[in-house]
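Visitor: Contents are mmCIF, C-alpha atoms and all ligand atoms; file name model18.cif:
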```cif
data_input
loop_
_atom_site.label_atom_id
_atom_site.label_comp_id
_atom_site.auth_asym_id
_atom_site.auth_seq_id
_atom_site.Cartn_x
_atom_site.Cartn_y
_atom_site.Cartn_z
CA MET A 1 132.73 118.31 24.47
CA HIS A 2 133.08 118.87 28.21
CA ILE A 3 131.69 122.07 29.68
CA SER A 4 135.17 123.24 30.72
CA GLU A 5 136.31 123.01 27.08
CA ALA A 6 133.23 124.95 25.93
CA ARG A 7 133.94 127.62 28.57
CA GLU A 8 137.41 128.24 27.09
CA LYS A 9 135.76 128.89 23.72
CA LEU A 10 133.19 131.39 24.97
CA ILE A 11 134.05 135.10 24.76
CA VAL A 12 131.57 137.46 26.39
CA ALA A 13 131.40 140.96 24.86
CA LEU A 14 131.41 143.57 27.61
CA ASP A 15 129.45 146.06 25.53
CA VAL A 16 128.68 148.52 28.34
CA ASP A 17 129.96 152.02 29.05
CA SER A 18 130.79 151.94 32.75
CA ALA A 19 133.49 150.19 34.75
CA GLU A 20 130.90 149.29 37.37
CA GLN A 21 128.72 147.40 34.87
CA ALA A 22 131.72 145.69 33.27
CA LEU A 23 133.18 144.54 36.58
CA LYS A 24 129.80 143.30 37.79
CA LEU A 25 129.32 141.27 34.60
CA VAL A 26 132.81 139.78 34.92
CA GLU A 27 132.21 138.71 38.51
CA ARG A 28 128.94 137.02 37.55
CA LEU A 29 130.19 135.44 34.34
CA LYS A 30 133.75 134.40 35.24
CA PRO A 31 132.70 130.80 35.91
CA TRP A 32 131.12 130.54 32.45
CA ALA A 33 133.46 132.37 30.05
CA GLY A 34 137.10 131.83 29.09
CA LEU A 35 137.62 135.36 27.80
CA PHE A 36 135.98 138.77 27.97
CA LYS A 37 135.91 141.18 25.06
CA VAL A 38 136.53 144.87 25.57
CA GLY A 39 135.25 146.76 22.55
CA MET A 40 135.04 150.37 21.49
CA GLU A 41 132.24 151.38 23.86
CA LEU A 42 133.98 150.29 27.05
CA PHE A 43 137.50 151.24 25.96
CA TYR A 44 136.53 154.69 24.66
CA SER A 45 134.55 155.48 27.81
CA GLN A 46 136.95 154.05 30.40
CA GLY A 47 140.35 154.03 28.70
CA PRO A 48 143.26 151.69 29.43
CA VAL A 49 142.47 151.79 33.17
CA ILE A 50 139.61 149.35 32.63
CA ILE A 51 142.03 146.83 31.11
CA ASN A 52 144.16 146.93 34.25
CA GLU A 53 141.07 146.64 36.47
CA LEU A 54 139.86 143.59 34.55
CA ARG A 55 143.29 141.98 34.44
CA ARG A 56 143.53 142.34 38.22
CA ARG A 57 140.46 140.08 38.38
CA GLY A 58 142.49 137.39 36.60
CA VAL A 59 140.48 137.26 33.37
CA LYS A 60 141.82 136.90 29.85
CA LEU A 61 140.93 139.76 27.52
CA PHE A 62 140.24 140.23 23.83
CA LEU A 63 140.71 143.92 22.94
CA ASP A 64 138.38 144.44 19.99
CA LEU A 65 139.36 147.85 18.60
CA LYS A 66 139.60 146.73 14.95
CA LEU A 67 142.61 148.85 14.01
CA HIS A 68 142.46 150.09 10.42
CA ASP A 69 144.84 152.85 9.29
CA ILE A 70 148.13 153.31 7.47
CA PRO A 71 150.84 150.81 8.50
CA ASN A 72 152.90 153.31 10.54
CA THR A 73 149.90 154.41 12.60
CA VAL A 74 148.72 150.86 13.21
CA ALA A 75 152.23 149.73 14.18
CA ARG A 76 152.55 152.56 16.72
CA ALA A 77 149.08 151.94 18.14
CA THR A 78 149.83 148.23 18.36
CA ARG A 79 152.99 148.96 20.35
CA VAL A 80 150.92 150.82 22.94
CA LEU A 81 148.15 148.18 23.05
CA THR A 82 150.68 145.38 23.49
CA ARG A 83 151.78 146.99 26.78
CA LEU A 84 148.28 146.44 28.18
CA GLY A 85 148.84 142.69 28.48
CA VAL A 86 145.70 141.50 26.67
CA ALA A 87 145.44 137.97 25.29
CA MET A 88 144.28 139.00 21.82
CA PHE A 89 143.50 142.06 19.72
CA ASN A 90 142.52 142.72 16.13
CA VAL A 91 143.11 144.76 12.99
CA HIS A 92 141.03 144.96 9.81
CA ALA A 93 142.19 142.67 7.00
CA ALA A 94 141.01 145.43 4.65
CA GLY A 95 144.04 147.42 5.84
CA GLY A 96 146.11 145.14 3.64
CA ARG A 97 149.29 143.09 3.80
CA THR A 98 151.74 145.82 4.85
CA MET A 99 149.46 147.00 7.63
CA MET A 100 148.86 143.49 9.01
CA ARG A 101 152.60 142.70 8.92
CA ALA A 102 153.41 146.01 10.61
CA ALA A 103 150.95 145.23 13.41
CA LEU A 104 152.37 141.77 13.99
CA GLU A 105 156.00 142.92 13.92
CA SER A 106 155.40 145.76 16.30
CA CYS A 107 153.51 143.46 18.66
CA GLN A 108 156.33 140.88 18.51
CA GLU A 109 159.00 143.51 19.20
CA GLU A 110 157.16 145.14 22.10
CA SER A 111 156.27 141.80 23.74
CA ALA A 112 159.89 140.64 23.51
CA LYS A 113 161.12 143.97 24.92
CA LEU A 114 158.78 143.73 27.90
CA GLY A 115 159.17 139.98 28.41
CA LEU A 116 155.41 139.52 27.95
CA SER A 117 153.82 136.69 26.04
CA ARG A 118 152.72 138.00 22.66
CA PRO A 119 148.99 138.69 22.27
CA LEU A 120 147.29 136.81 19.47
CA VAL A 121 146.71 139.07 16.48
CA LEU A 122 143.50 138.53 14.53
CA ALA A 123 142.20 140.03 11.29
CA VAL A 124 138.59 141.17 11.05
CA THR A 125 137.19 140.01 7.71
CA VAL A 126 133.66 141.03 6.62
CA LEU A 127 131.57 142.20 9.58
CA THR A 128 128.77 139.84 10.60
CA SER A 129 126.31 142.73 10.25
CA ILE A 130 126.85 142.76 6.47
CA ASP A 131 124.65 140.55 4.29
CA GLN A 132 125.18 139.59 0.67
CA LEU A 133 123.06 142.48 -0.64
CA ALA A 134 124.87 145.17 1.36
CA PHE A 135 128.22 143.61 0.47
CA ASN A 136 127.51 143.95 -3.25
CA GLN A 137 125.26 147.01 -3.45
CA GLU A 138 126.47 149.25 -0.60
CA LEU A 139 130.12 148.28 -0.30
CA GLY A 140 130.54 147.68 -4.02
CA PHE A 141 132.28 144.30 -3.82
CA SER A 142 131.46 141.75 -6.50
CA GLY A 143 130.95 138.04 -5.81
CA PRO A 144 129.96 136.16 -2.68
CA VAL A 145 130.81 137.43 0.83
CA ALA A 146 132.41 134.05 1.58
CA ASP A 147 134.98 134.45 -1.21
CA LYS A 148 136.20 137.76 0.21
CA VAL A 149 136.27 136.41 3.78
CA VAL A 150 138.30 133.37 2.71
CA ALA A 151 140.67 135.52 0.61
CA TRP A 152 141.27 137.84 3.57
CA ALA A 153 141.76 134.87 5.91
CA LEU A 154 144.42 133.46 3.56
CA LEU A 155 146.09 136.89 3.37
CA ALA A 156 146.06 137.18 7.17
CA ARG A 157 147.62 133.72 7.50
CA GLU A 158 150.27 134.59 4.90
CA CYS A 159 151.11 137.71 6.98
CA GLY A 160 151.66 135.46 10.01
CA LEU A 161 148.54 136.48 11.92
CA ASP A 162 147.09 133.98 14.35
CA GLY A 163 143.55 133.96 13.03
CA VAL A 164 140.48 135.88 11.94
CA VAL A 165 137.14 137.21 13.06
CA ALA A 166 134.57 135.78 10.67
CA SER A 167 131.01 134.52 10.67
CA ALA A 168 130.21 130.83 10.95
CA TYR A 169 129.01 130.91 7.34
CA GLU A 170 132.65 131.03 6.26
CA ALA A 171 134.23 129.09 9.13
CA GLY A 172 134.21 125.72 7.34
CA ALA A 173 136.09 126.99 4.28
CA ILE A 174 138.58 128.91 6.45
CA ARG A 175 139.21 125.86 8.61
CA ARG A 176 139.84 123.68 5.53
CA LEU A 177 142.21 126.16 3.90
CA CYS A 178 143.99 127.66 6.91
CA GLY A 179 144.41 124.51 8.98
CA PRO A 180 143.45 123.19 12.40
CA ASP A 181 145.44 125.69 14.49
CA PHE A 182 144.17 128.85 12.83
CA ILE A 183 141.94 130.79 15.24
CA ILE A 184 138.43 131.56 14.02
CA VAL A 185 136.59 133.91 16.36
CA THR A 186 132.92 133.98 15.45
CA PRO A 187 130.45 136.70 16.44
CA GLY A 188 126.84 136.74 15.20
CA ILE A 189 125.87 133.98 17.63
CA ARG A 190 122.22 133.69 18.53
CA PRO A 191 120.68 130.92 20.66
CA SER A 192 118.03 128.98 18.74
CA GLY A 193 114.79 130.87 18.29
CA THR A 194 116.20 134.35 18.95
CA ALA A 195 116.33 137.28 16.53
CA GLY A 196 119.56 138.68 15.09
CA GLY A 197 118.80 142.42 15.28
CA ASP A 198 121.59 144.24 13.44
CA GLN A 199 123.51 140.98 12.97
CA LYS A 200 122.91 139.37 9.57
CA ARG A 201 125.18 136.32 9.24
CA ILE A 202 123.96 134.59 12.40
CA VAL A 203 123.96 130.99 13.61
CA THR A 204 123.38 129.08 16.85
CA PRO A 205 126.30 128.17 19.14
CA ALA A 206 126.18 124.51 18.08
CA VAL A 207 126.21 125.33 14.37
CA ALA A 208 129.16 127.73 14.77
CA LEU A 209 131.27 125.11 16.52
CA ALA A 210 130.30 122.40 14.04
CA ALA A 211 131.31 124.73 11.20
CA GLY A 212 134.83 125.09 12.61
CA ALA A 213 134.81 128.17 14.84
CA SER A 214 137.40 128.01 17.61
CA HIS A 215 135.80 130.75 19.74
CA LEU A 216 132.31 132.25 19.93
CA VAL A 217 131.68 135.91 20.76
CA VAL A 218 128.39 136.55 22.50
CA GLY A 219 127.21 139.96 23.66
CA ARG A 220 123.54 140.89 23.99
CA PRO A 221 122.12 137.36 24.32
CA ILE A 222 124.10 137.18 27.59
CA ILE A 223 124.65 140.70 28.89
CA ALA A 224 121.13 141.95 28.14
CA ALA A 225 119.47 138.84 29.58
CA PRO A 226 117.57 139.18 32.88
CA ASP A 227 119.99 136.62 34.35
CA PRO A 228 123.32 136.81 32.43
CA ALA A 229 124.84 133.81 34.23
CA LYS A 230 121.83 131.65 33.35
CA ALA A 231 122.00 132.85 29.72
CA ALA A 232 125.72 132.03 29.54
CA ARG A 233 125.10 128.60 31.01
CA PHE A 234 122.35 128.03 28.43
CA ILE A 235 124.78 128.90 25.61
CA LEU A 236 127.40 126.52 27.04
CA ASP A 237 124.73 123.81 27.10
CA GLU A 238 124.02 124.48 23.41
CA MET A 239 127.76 124.32 22.70
CA ILE A 240 128.26 120.95 24.36
CA ALA A 241 125.14 119.50 22.74
CA ILE A 242 127.09 118.85 19.51
O1 LIG B 301 132.17 140.97 12.48
C1 LIG B 301 132.05 141.30 13.68
C2 LIG B 301 133.08 141.73 14.47
C3 LIG B 301 132.88 142.03 15.78
N1 LIG B 301 131.66 141.93 16.34
C4 LIG B 301 131.50 142.24 17.77
O2 LIG B 301 131.00 141.10 18.47
C5 LIG B 301 130.01 141.48 19.42
C6 LIG B 301 128.72 140.80 19.09
O3 LIG B 301 127.69 141.26 19.97
P1 LIG B 301 126.21 140.69 19.95
O4 LIG B 301 125.53 141.54 20.97
O5 LIG B 301 126.30 139.23 20.35
O6 LIG B 301 125.65 140.87 18.59
C7 LIG B 301 129.94 143.01 19.39
O7 LIG B 301 130.76 143.50 20.42
C8 LIG B 301 130.54 143.39 18.05
O8 LIG B 301 131.23 144.62 18.10
C9 LIG B 301 130.62 141.52 15.56
O9 LIG B 301 129.47 141.41 16.03
N2 LIG B 301 130.84 141.20 14.26
#
```
Go ahead and render the structure in this file as C-alpha cells.
Ligand SMILES: O=c1ccn([C@@H]2O[C@H](COP(=O)(O)O)[C@@H](O)[C@H]2O)c(=O)[nH]1

Guide:
Amino acid sequence: MHISEAREKLIVALDVDSAEQALKLVERLKPWAGLFKVGMELFYSQGPVIINELRRRGVKLFLDLKLHDIPNTVARATRVLTRLGVAMFNVHAAGGRTMMRAALESCQEESAKLGLSRPLVLAVTVLTSIDQLAFNQELGFSGPVADKVVAWALLARECGLDGVVASAYEAGAIRRLCGPDFIIVTPGIRPSGTAGGDQKRIVTPAVALAAGASHLVVGRPIIAAPDPAKAARFILDEMIAI
C-alpha cells in the first residue's frame, strides 16, 4: 500500500475540548490523515461552530456523536447534523432497525433538499472498550461479542447504512458477510508495544488493515504524543508495512 492510500484510511480523533487545540492538531496532522473525528468532548464544548471552522480548513470530518434514541428524535437530530456538511456520522445499532432507517431517510432527504452530498451513515456495534466478560456479565448479553457485532453489522447493512464502527477482532467476519464496499471503521488501534488503557479489543494498525478494516480511528497514540505528526507518520508506516 502506498502512503497516500494509507493516509486516506487514517482518522485522527480530535479528543480535546478547545477550538484552539483542535485547530492546531489539524494544521499539524493534515498531511498525515484523511479524516478528522469530532466526538462528544469537542462538539459538546464548542458546538456546531467548530465544524464550520474545521471545514473551512478543507478537512473531511467524521462526526462521532453515536446517536441512540427513539426513531423520531434520531431522525430530527440527523436532519440538523446533515446540514453541517460532515463526511460521515454514526448512530448506535442497538437503537434498532426503525431507528437506523429513520436516520438514513432523514439524512437522504435533507441532503437532497440542500443539494449536498449525503454523509455516510455508520452504525456503532459493540464499543471497543467492552471485553467478553463485561459483555456477558455487565451488559447481560449471552454468547461471543463477535456474534453480536456481526449480527448488528448485517442489520445495519439491511437498513441501507454504509458501514459500521467495530473492532478489528470482528472485521474479518464483517468483511466476508457484508462485502468489499461495506465501510468498517475501527477504533482500538494501538501501535505495537503500547498499552490499551480503557480500550479492550485492541490491535496494531497492520493487524486491523489485514483483518479487513477500511478506516482506522486513532486518538491518544497520536494526539497525546510529544510529537503528534511524528506519531501519525509512525502509524502510517505500520499501515503500509503489510
Ligand atoms: O467502539 C468505539 C467507538 C468509538 N471510539 C472512539 O474512537 C476514539 C479512540 O480513541 P483512542 O484514544 O485511540 O483510544 C475515541 O474518540 C472513542 O470515542 C472507540 O474508541 N470505540

Visitor: Tell me, in Å to one decimal, how far atom CA of Met239 of chain A is from atom CA of Met1 of chain A.

Guide: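 If I compute the distance from atom CA of Met239 of chain A to atom CA of Met1 of chain A, I get 8.0 Å.
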
Visitor: Return as a VMD selection string the residues of protein, DNA or RNA that approach ligand LIG 301 (chain B) to within 10 Å, with all atoms listed in the file taken into account.

Guide: chain A and resid 11 to 16 37 to 41 64 to 66 90 92 123 to 130 164 to 167 185 to 190 196 to 202 216 to 224

Visitor: Neighbours of Leu120 of chain A within 10 Å (all atoms listed in the file; same-chain residues fewer than 4 positions away dropped), as a ChimeraX atom specification?

Guide: /A:62,86-90,104,107-108,161-163,183

Visitor: Please produce an output containing C-alpha atoms for each residue in the selection, written as a PDB file, keeping the file's coordinate frame.

Guide:
```pdb
ATOM      1  CA  PHE A  62     140.240 140.230  23.830  1.00  0.00           C
ATOM      2  CA  VAL A  86     145.700 141.500  26.670  1.00  0.00           C
ATOM      3  CA  ALA A  87     145.440 137.970  25.290  1.00  0.00           C
ATOM      4  CA  MET A  88     144.280 139.000  21.820  1.00  0.00           C
ATOM      5  CA  PHE A  89     143.500 142.060  19.720  1.00  0.00           C
ATOM      6  CA  ASN A  90     142.520 142.720  16.130  1.00  0.00           C
ATOM      7  CA  LEU A 104     152.370 141.770  13.990  1.00  0.00           C
ATOM      8  CA  CYS A 107     153.510 143.460  18.660  1.00  0.00           C
ATOM      9  CA  GLN A 108     156.330 140.880  18.510  1.00  0.00           C
ATOM     10  CA  LEU A 161     148.540 136.480  11.920  1.00  0.00           C
ATOM     11  CA  ASP A 162     147.090 133.980  14.350  1.00  0.00           C
ATOM     12  CA  GLY A 163     143.550 133.960  13.030  1.00  0.00           C
ATOM     13  CA  ILE A 183     141.940 130.790  15.240  1.00  0.00           C
TER      14      ILE A 183
END
```

Visitor: Closest to Leu236 of chain A among A:Pro191, A:Arg76, A:Asp69, A:Ser214, using all atoms listed in the file?

Guide: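 Nearest to Leu236 of chain A: A:Pro191.
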
Visitor: I'd like the interatomic distance between atom CA of Met99 of chain A and atom CA of Phe182 of chain A, to a tenth of an Å.

Guide: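 Pair atom CA of Met99 of chain A / atom CA of Phe182 of chain A returns 19.6 Å.
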
Visitor: Which distance in Å separates atom CA of Arg175 of chain A and atom CA of Lys30 of chain A, to one decimal?

Guide: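 Interatomic distance, atom CA of Arg175 of chain A to atom CA of Lys30 of chain A: 28.5 Å.
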
Visitor: Ranking A:Ala22, A:Leu139, A:Val207, A:Ala213 by minimum distance to Ala241 of chain A and counting only C-alpha atoms, which one comes first?

Guide: A:Val207

Visitor: As AutoDock Vina command-line options, please report the centre and edge lengths, rounded to one decimal in Å, of the axis-aligned box that holds all listed atoms of segment 69-75 of chain A with 4 Å of padding on each of the six sides.

Guide:
```
--center_x 148.9 --center_y 152.1 --center_z 10.8 --size_x 16.1 --size_y 12.7 --size_z 14.7
```

Visitor: Would you mind telling me which residue in A:Asp227, A:Asp147, A:Glu158, A:Glu138 lies nearest to Ala171 of chain A when using all atoms listed in the file?

Guide: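 The shortest atom-to-atom distance to Ala171 of chain A comes from A:Asp147.
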
Visitor: From the list A:Val203, A:Glu8, A:Gly212, A:Ala19, which residue is nearest Pro180 of chain A when using only C-alpha atoms?

Guide: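 Smallest distance to Pro180 of chain A is found for A:Gly212.
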